[in-house]
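What's in protein_5.txt: compact mmCIF, C-alpha atoms
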# COMPACT_ATOMS: atom_id res chain seq x y z
CA MET T 1 -15.50 21.40 -12.25
CA ARG T 2 -16.30 19.79 -8.93
CA VAL T 3 -13.19 18.53 -7.16
CA TYR T 4 -12.90 16.56 -3.94
CA VAL T 5 -10.06 17.64 -1.66
CA PRO T 6 -8.77 15.06 0.85
CA LEU T 7 -7.99 16.49 4.29
CA THR T 8 -7.82 15.62 7.97
CA LEU T 9 -9.72 17.45 10.71
CA PRO T 10 -6.64 19.59 11.53
CA GLY T 11 -6.31 20.31 7.79
CA LEU T 12 -9.95 21.43 7.71
CA ALA T 13 -9.33 23.59 10.80
CA GLU T 14 -6.37 25.23 9.05
CA ALA T 15 -8.47 25.87 5.93
CA TYR T 16 -11.16 27.40 8.14
CA LYS T 17 -8.58 29.62 9.85
CA THR T 18 -6.93 30.79 6.60
CA GLY T 19 -10.04 30.72 4.43
CA GLU T 20 -8.19 28.69 1.80
CA LEU T 21 -7.84 25.09 0.70
CA GLY T 22 -4.19 24.48 -0.06
CA ALA T 23 -1.61 26.88 -1.34
CA GLY T 24 -1.57 25.19 -4.74
CA PRO T 25 -0.74 23.20 -6.57
CA PHE T 26 -2.43 20.48 -4.55
CA VAL T 27 -3.97 17.09 -5.25
CA ALA T 28 -7.72 16.63 -5.45
CA TYR T 29 -10.01 14.12 -7.16
CA ALA T 30 -12.57 14.67 -9.90
CA VAL T 31 -14.43 12.94 -12.70
CA THR T 32 -11.55 12.53 -15.15
CA PRO T 33 -11.57 10.66 -18.48
CA ALA T 34 -9.61 7.82 -16.85
CA LEU T 35 -12.12 7.59 -13.99
CA ARG T 36 -15.00 7.51 -16.50
CA GLU T 37 -13.30 4.71 -18.43
CA TRP T 38 -12.53 2.73 -15.27
CA TYR T 39 -15.98 3.15 -13.72
CA VAL T 40 -17.83 2.50 -17.01
CA SER T 41 -20.78 4.73 -16.25
CA ASP T 42 -22.36 7.81 -17.76
CA ASP T 43 -24.25 8.65 -14.56
CA ILE T 44 -22.56 11.81 -13.26
CA GLU T 45 -23.76 11.18 -9.70
CA GLU T 46 -22.17 7.72 -9.69
CA LEU T 47 -18.97 9.13 -11.16
CA GLU T 48 -18.82 11.94 -8.57
CA TYR T 49 -19.41 9.37 -5.83
CA ALA T 50 -16.45 7.37 -7.21
CA ALA T 51 -14.29 10.54 -7.16
CA LEU T 52 -15.41 11.24 -3.57
CA ASN T 53 -14.39 7.71 -2.58
CA ARG T 54 -10.98 8.19 -4.22
CA ALA T 55 -10.54 11.36 -2.14
CA ALA T 56 -11.62 9.48 0.99
CA LEU T 57 -8.86 6.93 0.34
CA ALA T 58 -6.39 9.80 -0.08
CA SER T 59 -7.60 11.21 3.25
CA LEU T 60 -6.92 7.80 4.80
CA ARG T 61 -3.39 8.02 3.41
CA LEU T 62 -2.98 11.39 5.14
CA LEU T 63 -4.14 9.82 8.40
CA ALA T 64 -1.59 7.02 7.95
CA ILE T 65 1.28 9.54 7.92
CA GLU T 66 -0.16 11.79 10.64
CA PRO T 67 -0.63 9.46 13.62
CA GLY T 68 -1.61 12.16 16.12
CA VAL T 69 -4.68 13.48 14.32
CA PRO T 70 -8.30 12.37 14.91
CA ARG T 71 -9.01 9.22 12.93
CA ARG T 72 -11.77 10.57 10.71
CA ARG T 73 -11.51 10.93 6.95
CA VAL T 74 -12.40 14.40 5.63
CA VAL T 75 -13.20 15.43 2.06
CA VAL T 76 -14.21 18.92 0.92
CA ALA T 77 -16.22 19.20 -2.31
CA VAL T 78 -15.45 22.46 -4.06
CA ASP T 79 -16.17 23.92 -7.48
CA VAL T 80 -13.20 25.32 -9.38
CA PRO T 81 -12.88 26.67 -12.93
CA ASP T 82 -12.11 23.85 -15.38
CA ARG T 83 -8.74 25.39 -16.21
CA ALA T 84 -7.72 25.30 -12.51
CA ALA T 85 -7.70 21.48 -12.32
CA SER T 86 -5.81 19.17 -14.62
CA ALA T 87 -5.22 15.45 -14.78
CA ASP T 88 -1.72 14.18 -15.57
CA PRO T 89 -2.11 12.23 -18.84
CA ASP T 90 0.91 10.07 -17.91
CA LEU T 91 -1.02 8.77 -14.89
CA GLY T 92 -4.15 7.98 -16.90
CA LEU T 93 -3.79 4.23 -16.66
CA ASP T 94 -2.27 4.12 -13.17
CA PRO T 95 -5.00 2.58 -10.97
CA THR T 96 -3.68 4.36 -7.88
CA ALA T 97 -4.12 7.75 -9.57
CA LEU T 98 -7.67 7.31 -10.92
CA GLY T 99 -9.52 10.61 -10.70
CA GLU T 100 -6.45 12.48 -9.45
CA VAL T 101 -6.12 16.10 -10.55
CA ARG T 102 -3.78 18.94 -9.63
CA VAL T 103 -5.44 22.18 -8.63
CA SER T 104 -3.15 25.00 -9.72
CA GLY T 105 -3.73 27.55 -7.00
CA ALA T 106 -5.28 28.20 -3.63
CA VAL T 107 -9.07 27.88 -3.53
CA ALA T 108 -11.21 29.92 -1.18
CA LEU T 109 -12.99 27.73 1.35
CA ALA T 110 -16.04 29.88 0.63
CA ARG T 111 -16.26 28.10 -2.76
CA ALA T 112 -16.84 24.76 -1.02
CA ALA T 113 -20.15 23.07 -1.76
CA SER T 114 -20.06 20.56 1.12
CA VAL T 115 -17.86 18.72 3.57
CA HIS T 116 -17.84 14.95 4.05
CA VAL T 117 -16.56 13.46 7.32
CA ASP T 118 -16.58 10.06 8.99
CA ALA T 119 -19.07 9.53 11.79
CA ASP T 120 -17.68 8.91 15.27
CA ASP T 121 -18.54 5.21 15.00
CA ALA T 122 -16.13 4.82 12.06
CA GLN T 123 -13.06 5.78 14.08
CA ALA T 124 -12.04 2.25 15.12
CA ASP T 125 -12.22 0.95 11.55
CA VAL T 126 -10.49 4.06 10.16
CA THR T 127 -7.72 3.75 12.75
CA ALA T 128 -7.19 0.09 11.84
CA ALA T 129 -7.27 0.90 8.12
CA ALA T 130 -4.70 3.68 8.44
CA ALA T 131 -2.39 1.27 10.29
CA ALA T 132 -2.90 -1.47 7.67
CA LEU T 133 -2.50 0.73 4.59
CA GLY T 134 1.22 0.08 4.05
CA ALA T 135 0.78 -3.68 4.20
CA ALA T 136 -2.27 -3.48 1.91
CA ASP T 137 -0.26 -1.48 -0.62
CA ALA T 138 2.39 -4.22 -0.49
CA GLY T 139 -0.22 -6.82 -1.48
CA ASP T 140 -1.28 -8.22 1.91
CA ASP T 141 -4.86 -9.45 1.39
CA ASP T 142 -5.68 -9.43 5.11
CA ALA T 143 -4.52 -5.82 5.39
CA GLN T 144 -6.57 -4.91 2.30
CA PHE T 145 -9.62 -6.41 4.02
CA VAL T 146 -8.99 -4.06 6.98
CA VAL T 147 -8.65 -1.07 4.64
CA ASP T 148 -11.88 -2.07 2.91
CA GLY T 149 -13.55 -2.08 6.34
CA ALA T 150 -13.08 1.70 6.55
CA GLU T 151 -14.55 2.08 3.07
CA ASP T 152 -17.70 0.35 4.32
CA HIS T 153 -18.43 3.53 6.31
CA GLU T 154 -20.18 6.22 4.31
CA LEU T 155 -18.88 9.73 4.88
CA LEU T 156 -21.51 12.01 6.39
CA TRP T 157 -22.53 15.12 4.45
CA PHE T 158 -22.20 18.51 6.14
CA ALA T 159 -23.11 21.97 4.90
CA THR T 160 -20.23 24.42 4.80
CA GLN T 161 -21.93 26.41 7.58
CA GLU T 162 -21.22 23.43 9.85
CA ILE T 163 -17.42 23.63 9.43
CA PRO T 164 -16.93 25.65 12.66
CA ASN T 165 -18.64 22.90 14.65
CA LEU T 166 -16.58 20.18 12.91
CA VAL T 167 -13.29 21.89 13.80
CA GLY T 168 -14.27 22.93 17.33
CA HIS T 169 -14.93 26.61 16.65
CA GLY T 170 -18.71 26.44 17.02
CA ASP T 171 -20.78 28.45 19.42
For the file at hand, write its structure as structure tokens.
Amino acid sequence: MRVYVPLTLPGLAEAYKTGELGAGPFVAYAVTPALREWYVSDDIEELEYAALNRAALASLRLLAIEPGVPRRRVVVAVDVPDRAASADPDLGLDPTALGEVRVSGAVALARAASVHVDADDAQADVTAAAAALGAADAGDDDAQFVVDGAEDHELLWFATQEIPNLVGHGD
């Protein structure tokens, strides 16, 4: 199963240093039955894109609680055995938990398929969105508009070989 792990750049640097994504259990996003039902599509690429976007929002949430980190959303796509990731059936209809899965144990960063990171030009919108997230969650339409502004930026795709350059350990 392909899962999308929300991180920050320091989180990615730590994974690079340790060689592992999370100590487990940790939250990731995937194509779950609830996500399929919500998205109403059978196209696996569209569904995986929706799961990636859910992880990007979770990365934004991490940025909102870690004010000192670079304001770029980070998502690592990694393949795990189906039994290693499970959706909580009690959260199936919770719109904030769509696509959410728990990965039971640490996952080697070497299993990653790709890394997705905001471009430099997204930082202003991502910074504003992270600051507005609490108000948006409370129902403020103007704040939600600011959060949606970050979602207008597509995450860039990077090969796993590019992780050292992303975290400042490149040649």
Shell of 9 Å around Pro81 in chain T, all atoms listed in the file, local chain residues under 2 positions omitted, as a ChimeraX atom specification: /T:1-2,79,83-85
In terms of the shortest atom-to-atom distance over all atoms listed in the file, which of T:Leu133, T:Leu35, T:Leu9, T:Val40 is closest to Leu98 in chain T?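 Under the stated criterion, the closest residue is T:Leu35.
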Nearest to Phe26 in chain T: which of T:Ala64, T:Ala106, T:Val69, T:Ala112 is it, counting only C-alpha atoms? T:Ala106
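Note that the spacing between CA of Trp157 in chain T and CA of Glu100 in chain T amounts to 21.4 Å.
Across T:Val146, T:Ile163, T:Glu154, T:Gln123, the tightest approach to Arg72 in chain T is made by T:Gln123 when counting only C-alpha atoms.
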So what do you get for CA of Ser86 in chain T versus CA of Arg36 in chain T, distance-wise? 15.0 Å
Tell me, as a ChimeraX atom specification, which residues lie within 12 Å of Asp142 in chain T, counting all atoms listed in the file; anything in the same chain fewer than 6 positions away does not count. /T:128-129,132-136,148-149
Grab the CA of Val147 in chain T to CA of Ala77 in chain T distance for me, in Å with one decimal place.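 Between CA of Val147 in chain T and CA of Ala77 in chain T the gap is 22.7 Å.
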For Glu162 in chain T, find every residue with an atom within 12 Å (counting only C-alpha atoms), except residues of its own chain fewer than 4 positions away, and show them as a list in words. Leu12, Ala13, Tyr16, Ala112, Ala113, Ser114, Val115, His116, Val117, Leu156, Trp157, Phe158, Leu166, Val167, Gly168, His169, Gly170 and Asp171 of chain T
Quick one: everything within 12 Å of Ala56 in chain T, counting all atoms listed in the file, minus sequence neighbours fewer than 3 positions away in the same chain. Send it as number ranges by chain. T: 4-8, 28-29, 49-53, 59-63, 72-77, 99, 115-118, 126, 129-130, 147-148, 150-156
Counting all atoms listed in the file, the residue of T:Gly11, T:Gly24, T:Pro70, T:Gly19 that sits nearest Arg102 in chain T: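 The shortest atom-to-atom distance to Arg102 in chain T comes from T:Gly24.
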From the list T:Thr127, T:Thr32, T:Ser41, T:Gln161, the nearest residue to Asp88 in chain T using all atoms listed in the file is T:Thr32
For a quick check of understanding, using only C-alpha atoms, which of T:Gln144, T:Ser104, T:Gly139, T:Pro67 has the smallest distance to Pro10 in chain T? T:Pro67
